[in-house]
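Shown next: run06.txt, containing compact mmCIF, C-alpha atoms and all ligand atoms.
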# COMPACT_ATOMS: atom_id res chain seq x y z
CA MET A 1405 0.00 0.00 0.00
CA ILE A 1406 1.11 3.59 -0.70
CA TRP A 1407 0.65 6.44 1.80
CA ASN A 1408 1.03 9.67 -0.14
CA LEU A 1409 1.60 12.85 1.86
CA GLY A 1410 0.70 15.32 -0.85
CA SER A 1411 -0.81 18.55 -2.09
CA ILE A 1412 -4.31 18.90 -3.49
CA ASN A 1413 -4.94 21.89 -5.76
CA ALA A 1414 -7.70 23.28 -7.88
CA ASP A 1415 -6.11 24.17 -11.23
CA ASN A 1416 -8.03 27.12 -12.73
CA PHE A 1417 -7.13 27.66 -16.40
CA TYR A 1418 -8.10 31.16 -17.58
CA ARG A 1419 -7.90 31.90 -21.34
CA LEU A 1420 -7.05 35.56 -22.02
CA PRO A 1421 -6.40 37.62 -25.17
CA HIS A 1422 -3.06 38.64 -23.58
CA LEU A 1423 -1.43 38.39 -20.15
CA PRO A 1424 -2.40 41.35 -17.90
CA GLY A 1425 0.19 44.04 -17.17
CA PRO A 1426 0.38 45.99 -13.86
CA GLY A 1427 -2.93 47.71 -13.08
CA GLU A 1428 -4.69 46.11 -16.06
CA THR A 1429 -8.07 44.35 -15.88
CA ILE A 1430 -8.94 41.82 -18.59
CA ALA A 1431 -11.98 39.58 -18.94
CA ALA A 1432 -11.09 35.94 -19.46
CA THR A 1433 -12.76 34.28 -22.45
CA ASP A 1434 -12.85 30.83 -20.85
CA LEU A 1435 -12.38 29.13 -17.47
CA ARG A 1436 -11.69 25.42 -17.03
CA GLN A 1437 -11.18 23.89 -13.61
CA GLY A 1438 -9.36 20.65 -12.94
CA LEU A 1439 -7.86 18.63 -10.12
CA GLY A 1440 -4.13 19.22 -9.71
CA GLY A 1441 -1.27 19.52 -7.27
CA LYS A 1442 1.72 17.19 -7.47
CA GLY A 1443 0.41 15.12 -4.57
CA ALA A 1444 -3.06 14.56 -6.06
CA ASN A 1445 -1.53 13.80 -9.47
CA MET A 1446 0.72 11.12 -7.99
CA SER A 1447 -2.11 9.58 -5.96
CA VAL A 1448 -4.29 9.34 -9.05
CA ALA A 1449 -1.42 7.91 -11.12
CA ALA A 1450 -0.65 5.25 -8.50
CA ALA A 1451 -4.33 4.34 -8.12
CA ARG A 1452 -4.69 4.07 -11.92
CA ALA A 1453 -1.63 1.81 -11.87
CA ALA A 1454 -3.68 -0.50 -9.62
CA ALA A 1455 -2.02 0.26 -6.28
CA ARG A 1456 -3.93 0.87 -3.06
CA VAL A 1457 -3.33 4.53 -2.24
CA MET A 1458 -4.18 6.47 0.92
CA HIS A 1459 -3.76 10.21 0.37
CA ILE A 1460 -2.65 12.24 3.42
CA GLY A 1461 -3.45 15.93 3.06
CA ALA A 1462 -5.91 18.76 3.60
CA VAL A 1463 -8.46 20.83 1.71
CA GLY A 1464 -10.68 23.76 2.72
CA GLN A 1465 -14.48 23.73 2.91
CA ASP A 1466 -14.47 24.77 -0.77
CA GLY A 1467 -12.46 21.67 -1.71
CA THR A 1468 -14.81 18.82 -0.96
CA TRP A 1469 -15.31 18.36 -4.74
CA ALA A 1470 -11.57 17.55 -5.00
CA LEU A 1471 -11.91 14.97 -2.25
CA GLN A 1472 -14.92 13.47 -4.02
CA ARG A 1473 -13.06 13.35 -7.31
CA LEU A 1474 -10.06 11.58 -5.75
CA LEU A 1475 -12.46 9.04 -4.32
CA GLU A 1476 -14.03 8.50 -7.76
CA TYR A 1477 -10.53 7.96 -9.16
CA GLY A 1478 -9.89 5.17 -6.66
CA VAL A 1479 -7.81 7.05 -4.08
CA GLU A 1480 -8.60 6.48 -0.40
CA THR A 1481 -9.46 9.80 1.27
CA ALA A 1482 -10.03 8.97 4.96
CA HIS A 1483 -6.90 10.97 5.89
CA ILE A 1484 -7.66 14.10 3.90
CA THR A 1485 -8.72 16.61 6.53
CA VAL A 1486 -11.27 19.30 5.66
CA ILE A 1487 -10.24 22.45 7.51
CA ASP A 1488 -11.56 25.96 7.83
CA THR A 1489 -9.40 27.62 5.20
CA THR A 1490 -8.99 27.89 1.42
CA THR A 1491 -8.10 24.87 -0.72
CA GLY A 1492 -4.73 25.15 -2.45
CA HIS A 1493 -5.08 26.44 -5.99
CA ALA A 1494 -3.21 27.51 -9.08
CA ASN A 1495 -4.62 30.29 -11.24
CA ILE A 1496 -3.09 29.67 -14.64
CA HIS A 1497 -3.38 32.50 -17.19
CA ILE A 1498 -2.90 31.42 -20.80
CA ASP A 1499 -2.74 33.94 -23.66
CA ALA A 1500 -3.57 33.46 -27.34
CA ASP A 1501 0.01 32.26 -28.07
CA GLY A 1502 -0.05 29.68 -25.27
CA GLU A 1503 2.29 31.77 -23.09
CA ASN A 1504 1.31 31.58 -19.42
CA ASN A 1505 1.86 32.87 -15.93
CA ILE A 1506 0.71 31.19 -12.76
CA VAL A 1507 -0.30 32.32 -9.26
CA LEU A 1508 -0.05 29.47 -6.76
CA PHE A 1509 -1.67 29.62 -3.32
CA PRO A 1510 -0.75 26.73 -1.00
CA GLY A 1511 -3.82 27.21 1.24
CA ALA A 1512 -4.77 24.04 3.13
CA ASN A 1513 -1.66 22.23 1.84
CA HIS A 1514 0.41 24.33 4.24
CA MET A 1515 -1.84 23.50 7.18
CA VAL A 1516 -1.12 19.77 7.22
CA THR A 1517 0.08 18.98 10.76
CA ASP A 1518 2.37 16.27 12.16
CA GLN A 1519 -0.65 15.09 14.13
CA MET A 1520 -2.62 14.44 10.91
CA ILE A 1521 0.35 12.58 9.45
CA GLY A 1522 0.85 10.54 12.63
CA ALA A 1523 -2.81 9.54 12.78
CA ALA A 1524 -2.61 8.25 9.21
CA LEU A 1525 0.72 6.43 9.47
CA ALA A 1526 -0.43 4.70 12.67
CA GLU A 1527 -2.48 2.53 10.31
CA ALA A 1528 0.42 1.70 7.95
CA SER A 1529 2.23 -1.64 7.83
CA PRO A 1530 5.94 -2.46 7.51
CA GLY A 1531 6.90 -2.63 3.84
CA ASP A 1532 4.28 -0.05 2.80
CA PHE A 1533 5.50 2.99 0.86
CA LEU A 1534 5.47 6.56 2.13
CA LEU A 1535 5.52 8.90 -0.89
CA MET A 1536 6.19 12.65 -0.52
CA GLN A 1537 6.78 15.79 -2.58
CA ASN A 1538 7.52 19.38 -1.51
CA GLU A 1539 4.09 21.04 -1.75
CA THR A 1540 2.94 20.21 1.80
CA LEU A 1541 4.48 20.53 5.25
CA GLY A 1542 5.54 17.66 7.51
CA GLN A 1543 8.03 15.69 5.39
CA PRO A 1544 10.71 15.30 8.13
CA PHE A 1545 8.19 13.96 10.67
CA ALA A 1546 6.57 11.70 8.06
CA ALA A 1547 9.92 10.25 6.92
CA GLU A 1548 11.11 9.67 10.47
CA THR A 1549 7.85 7.97 11.47
CA ALA A 1550 7.85 5.84 8.32
CA LYS A 1551 11.38 4.59 9.01
CA LEU A 1552 10.45 3.68 12.62
CA LEU A 1553 7.55 1.67 11.20
CA GLY A 1554 9.70 -0.19 8.68
CA MET A 1555 8.14 1.53 5.65
CA ARG A 1556 9.93 2.34 2.40
CA VAL A 1557 10.30 6.08 1.74
CA ALA A 1558 10.00 7.50 -1.80
CA TYR A 1559 10.53 11.22 -2.34
CA ALA A 1560 9.90 13.23 -5.51
CA ALA A 1561 11.77 16.37 -4.49
CA ALA A 1562 9.71 18.92 -6.44
CA PRO A 1563 9.32 21.90 -6.36
CA PHE A 1564 13.03 21.48 -5.74
CA ARG A 1565 14.87 22.73 -2.66
CA ALA A 1566 18.34 21.34 -1.99
CA ASP A 1567 18.06 21.80 1.79
CA SER A 1568 14.84 19.72 1.86
CA VAL A 1569 16.68 16.85 0.20
CA THR A 1570 19.79 17.04 2.38
CA ARG A 1571 17.80 17.04 5.62
CA LEU A 1572 15.78 13.98 4.53
CA MET A 1573 18.52 12.10 2.71
CA ASP A 1574 19.32 9.48 5.36
CA LYS A 1575 15.66 8.42 5.53
CA VAL A 1576 14.91 8.20 1.81
CA ASP A 1577 15.10 4.86 -0.03
CA LEU A 1578 14.05 6.12 -3.46
CA LEU A 1579 14.67 9.67 -4.71
CA ILE A 1580 13.08 10.84 -7.97
CA LEU A 1581 14.40 13.97 -9.68
CA ASN A 1582 14.24 15.51 -13.13
CA ALA A 1583 17.42 16.51 -14.93
CA VAL A 1584 17.38 20.13 -13.72
CA GLU A 1585 16.78 19.08 -10.11
CA ALA A 1586 19.56 16.47 -10.28
CA GLN A 1587 22.02 19.15 -11.42
CA GLN A 1588 20.85 21.54 -8.68
CA LEU A 1589 21.35 18.82 -6.07
CA GLU A 1590 24.88 18.02 -7.26
CA ASP A 1591 25.72 21.75 -7.35
CA ALA A 1592 24.34 22.33 -3.84
CA THR A 1593 25.99 19.32 -2.18
CA GLY A 1594 29.15 19.01 -4.28
CA ILE A 1595 28.50 15.25 -4.20
CA ALA A 1596 27.88 13.08 -7.26
CA LEU A 1597 24.44 11.42 -7.15
CA GLY A 1598 26.03 7.98 -7.02
CA ASP A 1599 27.83 8.90 -3.80
CA LEU A 1600 24.72 10.02 -1.90
CA PRO A 1601 23.49 7.69 0.90
CA ILE A 1602 20.29 6.75 -0.98
CA ALA A 1603 19.65 3.18 -2.20
CA ASP A 1604 17.94 4.16 -5.48
CA ILE A 1605 17.87 7.41 -7.41
CA VAL A 1606 15.90 7.83 -10.64
CA VAL A 1607 16.56 10.90 -12.78
CA THR A 1608 13.92 11.56 -15.44
CA LEU A 1609 15.15 13.12 -18.70
CA GLY A 1610 11.94 14.01 -20.56
CA ALA A 1611 12.07 12.71 -24.15
CA ASP A 1612 15.46 11.15 -23.35
CA GLY A 1613 13.97 8.68 -20.85
CA CYS A 1614 15.60 8.22 -17.46
CA ARG A 1615 18.64 7.08 -15.52
CA TRP A 1616 18.63 4.71 -12.52
CA ILE A 1617 21.48 5.02 -10.04
CA SER A 1618 21.55 2.07 -7.68
CA ALA A 1619 23.82 2.43 -4.66
CA THR A 1620 22.99 -1.15 -3.65
CA ASN A 1621 24.29 -2.56 -6.95
CA GLU A 1622 26.88 0.22 -7.35
CA ALA A 1623 25.58 0.53 -10.89
CA GLU A 1624 23.98 3.04 -13.19
CA ARG A 1625 21.64 2.21 -16.06
CA SER A 1626 19.95 4.34 -18.74
CA PHE A 1627 16.51 3.69 -20.20
CA ALA A 1628 15.33 5.28 -23.49
CA ALA A 1629 11.87 6.87 -23.52
CA PHE A 1630 8.98 5.47 -25.52
CA ARG A 1631 7.99 7.48 -28.59
CA SER A 1632 5.10 9.90 -28.17
CA ASP A 1633 3.31 12.74 -29.96
CA VAL A 1634 3.75 15.55 -27.48
CA VAL A 1635 0.72 17.74 -26.77
CA ASP A 1636 1.31 18.92 -23.17
CA THR A 1637 4.18 17.84 -20.91
CA THR A 1638 2.44 18.95 -17.68
CA GLY A 1639 2.09 16.09 -15.23
CA ALA A 1640 4.51 13.72 -17.02
CA GLY A 1641 6.85 13.56 -14.03
CA ASP A 1642 4.00 13.07 -11.54
CA THR A 1643 2.50 10.30 -13.67
CA PHE A 1644 5.92 8.63 -13.97
CA THR A 1645 6.44 8.76 -10.19
CA GLY A 1646 2.97 7.44 -9.32
CA TYR A 1647 3.39 4.52 -11.72
CA LEU A 1648 6.97 3.80 -10.60
CA VAL A 1649 6.07 3.57 -6.90
CA ALA A 1650 2.90 1.59 -7.70
CA GLY A 1651 4.95 -0.91 -9.72
CA LEU A 1652 7.48 -1.35 -6.90
CA ASP A 1653 4.66 -1.62 -4.35
CA ARG A 1654 3.16 -4.40 -6.43
CA GLY A 1655 6.45 -6.30 -6.28
CA MET A 1656 8.07 -5.36 -9.59
CA LYS A 1657 11.84 -5.06 -9.84
CA MET A 1658 13.15 -1.56 -10.65
CA PRO A 1659 13.72 -2.06 -14.43
CA GLU A 1660 10.22 -3.45 -14.87
CA ALA A 1661 8.65 -0.63 -12.81
CA ILE A 1662 10.65 1.93 -14.81
CA GLU A 1663 9.39 0.47 -18.09
CA LEU A 1664 5.79 0.74 -16.90
CA ALA A 1665 6.32 4.30 -15.60
CA GLN A 1666 7.93 5.41 -18.86
CA LYS A 1667 5.02 4.02 -20.87
CA ALA A 1668 2.57 5.92 -18.65
CA GLY A 1669 4.69 9.11 -18.99
CA ALA A 1670 4.78 8.77 -22.79
CA LEU A 1671 0.97 8.44 -22.94
CA MET A 1672 0.52 11.36 -20.54
CA VAL A 1673 2.49 13.86 -22.67
CA ALA A 1674 0.12 13.10 -25.57
CA ARG A 1675 -2.81 14.38 -23.47
CA GLN A 1676 -3.92 17.87 -22.42
CA GLY A 1677 -4.58 18.31 -18.68
CA THR A 1678 -3.45 17.02 -15.29
CA ALA A 1679 -4.91 14.55 -12.76
CA ASP A 1680 -8.16 14.08 -14.67
CA VAL A 1681 -6.45 12.62 -17.76
CA ILE A 1682 -3.72 10.39 -16.28
CA PRO A 1683 -3.82 7.12 -18.23
CA ASP A 1684 -5.05 3.98 -16.50
CA LEU A 1685 -3.23 0.66 -16.45
CA LYS A 1686 -5.32 -0.81 -19.26
CA ASP A 1687 -4.49 2.16 -21.57
CA VAL A 1688 -0.80 1.68 -20.76
CA LEU A 1689 -0.73 -2.10 -21.24
CA ASP A 1690 -2.91 -2.09 -24.38
CA HIS A 1691 -1.01 0.66 -26.19
CA ASP A 1692 1.30 -0.38 -29.01
CA PHE A 1693 4.57 1.45 -28.41
CA GLY A 1694 6.23 -0.26 -31.40
CA GLN A 1695 9.90 -1.01 -30.84
CA GLY A 1696 9.99 1.78 -28.21
CA ALA A 1697 12.81 1.74 -25.72
P1 LIG B 1701 9.16 16.38 -15.20
O1 LIG B 1701 7.77 16.61 -15.70
O2 LIG B 1701 9.20 16.10 -13.72
O3 LIG B 1701 10.17 17.39 -15.65
P2 LIG B 1701 10.17 14.61 -17.28
O4 LIG B 1701 9.86 15.68 -18.28
O5 LIG B 1701 11.58 14.19 -17.15
O6 LIG B 1701 9.59 14.96 -15.83
O7 LIG B 1701 9.26 13.34 -17.71
C1 LIG B 1701 9.07 12.22 -16.89
C2 LIG B 1701 9.03 10.96 -17.74
O8 LIG B 1701 7.92 11.04 -18.68
C3 LIG B 1701 10.28 10.72 -18.60
O9 LIG B 1701 11.26 10.02 -17.86
C4 LIG B 1701 9.70 9.91 -19.76
O10 LIG B 1701 9.59 8.55 -19.39
C5 LIG B 1701 8.31 10.50 -19.93
N1 LIG B 1701 8.34 11.57 -20.94
C6 LIG B 1701 8.42 12.90 -20.73
N2 LIG B 1701 8.47 13.59 -21.89
C7 LIG B 1701 8.40 12.66 -22.87
C8 LIG B 1701 8.40 12.71 -24.32
N3 LIG B 1701 8.48 13.88 -24.99
N4 LIG B 1701 8.30 11.54 -24.99
C9 LIG B 1701 8.21 10.35 -24.35
N5 LIG B 1701 8.23 10.23 -23.00
C10 LIG B 1701 8.32 11.37 -22.28
Show how you would write the structure in this file as C-alpha cells.
Amino acid sequence: MIWNLGSINADNFYRLPHLPGPGETIAATDLRQGLGGKGANMSVAAARAAARVMHIGAVGQDGTWALQRLLEYGVETAHITVIDTTTGHANIHIDADGENNIVLFPGANHMVTDQMIGAALAEASPGDFLLMQNETLGQPFAAETAKLLGMRVAYAAAPFRADSVTRLMDKVDLLILNAVEAQQLEDATGIALGDLPIADIVVTLGADGCRWISATNEAERSFAAFRSDVVDTTGAGDTFTGYLVAGLDRGMKMPEAIELAQKAGALMVARQGTADVIPDLKDVLDHDFGQGA
C-alpha cells in the first residue's frame, strides 16, 4: 500500500487575449477547472496503476469536490482533513500564443500537521511505501515515522529545494528527480548522485527517458523513452512517479517498474490536462509502443 503525503490543488485555467500588465483588468474568455497539485496527481497515477493509495493531506471547505473526485478515481481519502481555510489552488493564465503565468496559493496544503500525518501512518504496515513531494508541510516527521515503522520512503523532491533533500537524505530509499533538479542537487551538495546515501535514485530526462542510479548494486543504467506525440508535458513527471512507486509496491523489480512508468509518462504527454487525464493501467498495457525503448 502507498501512503502519499501530498498537495491537493484546484487548477483554474483562464484563457485571455493577452497576459495582464500591472494595473490592467482583462476579462477571461474561458475558465476550465481541474484537479491538480503534485500530490493529487501522484495519488491518481498510482491508483490508476492498480495500487492501493491512501492520500494524506488537507483541503478547505471549498475543496470537498476535490476529495470526491479523488475518491471517484480510486484514491482512499479517509486521511484528507477538511479544515476551515482555502483549498490550495493555481490560477493559470494562458494567452492566445499559449504563453502563461501562474499564481499558486498553498492554502490548506500548508496547514497539514504532524498530528494528521501521525494519525494516518499509525495505520500503515511495515513494507508499505510513504511517498512525498515538496508542496505540503511535515516531510521530516513523516519520513522519520515511516522509518520507525519499517516503511519504504519514496521522495519526488519537487518543487526542488536542496536543503529539503539534504535534511531527509538518510531516511529516503528512493529519490526521484528531473534533470534540472539532479544538477541543482549536485551543485548544492558538491556530491555526485552515485555517492549520496540513498539506495535508489531515478533521474527523469523528458524525451530522453531516465537514468537509474543504484547504490545497492553500485551501478547506473539508462533507459530510453517510448515514442510519443507531445501535446502537453504537464504532469509527465507526476505520472511517472505514481506509476513507478505503484509498480514497486506491487512487487516489480526496478527495471520493470521503470518500463511501466515510462510508458505511462509517454501516454501522458500526448494528453492535455493534469490529474483528470492520467492514463489507466489498461491504456498503458494495451497501447502499441512499437519497438519503443
Ligand atoms: P518532469 O515533468 O518532472 O520534468 P520529465 O519531463 O523528465 O519529468 O518526464 C518524466 C518521464 O515522462 C520521462 O522520464 C519519460 O519517461 C516520460 N516523458 C516525458 N516527456 C516525454 C516525451 N516527450 N516523450 C516520451 N516520454 C516522455
Practice problem: Residues within 9 Å of ligand LIG 1701 (chain B), counting only C-alpha atoms and all ligand atoms: report them as a PyMOL selection string. | Solution: chain A and resi 1560+1562+1580-1585+1606-1615+1627-1645+1662-1663+1665-1674
Practice problem: Tell me which protein, DNA and RNA residues are within 6 Å of A:Leu1535, counting only C-alpha atoms, leaving out same-chain ones fewer than 6 positions away, and put them as a PyMOL selection string. | Solution: chain A and resi 1408+1558-1559
Self-check item: Residues within 6 Å of stretch 1434-1439 of chain A, only C-alpha atoms, excluding chain neighbours under 3 positions, as a VMD selection string
Solution: chain A and resid 1414 to 1419 1679
Self-check item: Distance criterion (only C-alpha atoms): nearest to A:Gly1478 out of A:Val1448, A:Val1557, A:His1493, A:Ala1603
Solution: A:Val1448
Practice problem: Name all residues at most 9 Å from A:Leu1597 (count all atoms listed in the file; drop same-chain ones fewer than 5 positions away) and give them as a PyMOL selection string. | Solution: chain A and resi 1586+1589-1590+1602+1605+1617
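Residue nearest A:Met1446 within the list A:Gln1519, A:Thr1678, A:Gln1543, A:Thr1491: A:Thr1678 [criterion: smallest interatomic distance, all atoms listed in the file].
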Exercise. Write out as JSON, numbers by chain each polymer residue whose atoms come within 9 Å of stretch 1467-1470 of chain A, counting only C-alpha atoms; drop sequence neighbours fewer than 3 positions from it.
Key: {"A": [1412, 1413, 1414, 1438, 1439, 1440, 1462, 1463, 1464, 1473, 1474, 1475, 1486, 1490, 1491, 1492]}
Quiz prompt | Surrounding residues of A:Gly1598 excluding itself and chain neighbours under 3 positions, 9 Å, all atoms listed in the file, as JSON, numbers by chain | solution = {"A": [1595, 1601, 1602, 1605, 1617, 1618, 1619, 1622, 1623, 1624]}
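You will find atom CA of A:Arg1456 at 24.8 Å from atom CA of A:Ile1487.
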Quiz item: Taking (-2.5, 32.2, -12.3) in the file's coordinates as the center, which residues reach within 6 Å of it, counting all atoms listed in the file, put as a PyMOL selection string?
Solution: chain A and resi 1494-1497+1505-1507
C-alpha atoms of the current selection, written as a PDB file, keeping the file's coordinate frame:
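Writing done, so here's again-v1.pdb:
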ATOM      1  CA  ALA A1494      -3.210  27.510  -9.080  1.00  0.00           C
ATOM      2  CA  ASN A1495      -4.620  30.290 -11.240  1.00  0.00           C
ATOM      3  CA  ILE A1496      -3.090  29.670 -14.640  1.00  0.00           C
ATOM      4  CA  HIS A1497      -3.380  32.500 -17.190  1.00  0.00           C
ATOM      5  CA  ASN A1505       1.860  32.870 -15.930  1.00  0.00           C
ATOM      6  CA  ILE A1506       0.710  31.190 -12.760  1.00  0.00           C
ATOM      7  CA  VAL A1507      -0.300  32.320  -9.260  1.00  0.00           C
TER       8      VAL A1507
END
Quiz item: Taking all atoms listed in the file into account, which of A:Asp1692, A:Glu1539, A:Asp1488, A:Asp1532 comes nearest A:Phe1509?
Solution: A:Glu1539
Quiz item: Which distance in Å separates atom CA of A:Thr1593 and atom CA of A:Asp1567, to one decimal?
Solution: 9.2 Å
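The spacing separating atom CA of A:Ser1568 from atom CA of A:Asn1538 amounts to 8.1 Å.
Take the candidates A:Ala1547, A:Val1688, A:Ile1484, A:Ala1500 and check each one against A:Ser1411 using only C-alpha atoms; the shortest distance goes to A:Ile1484.
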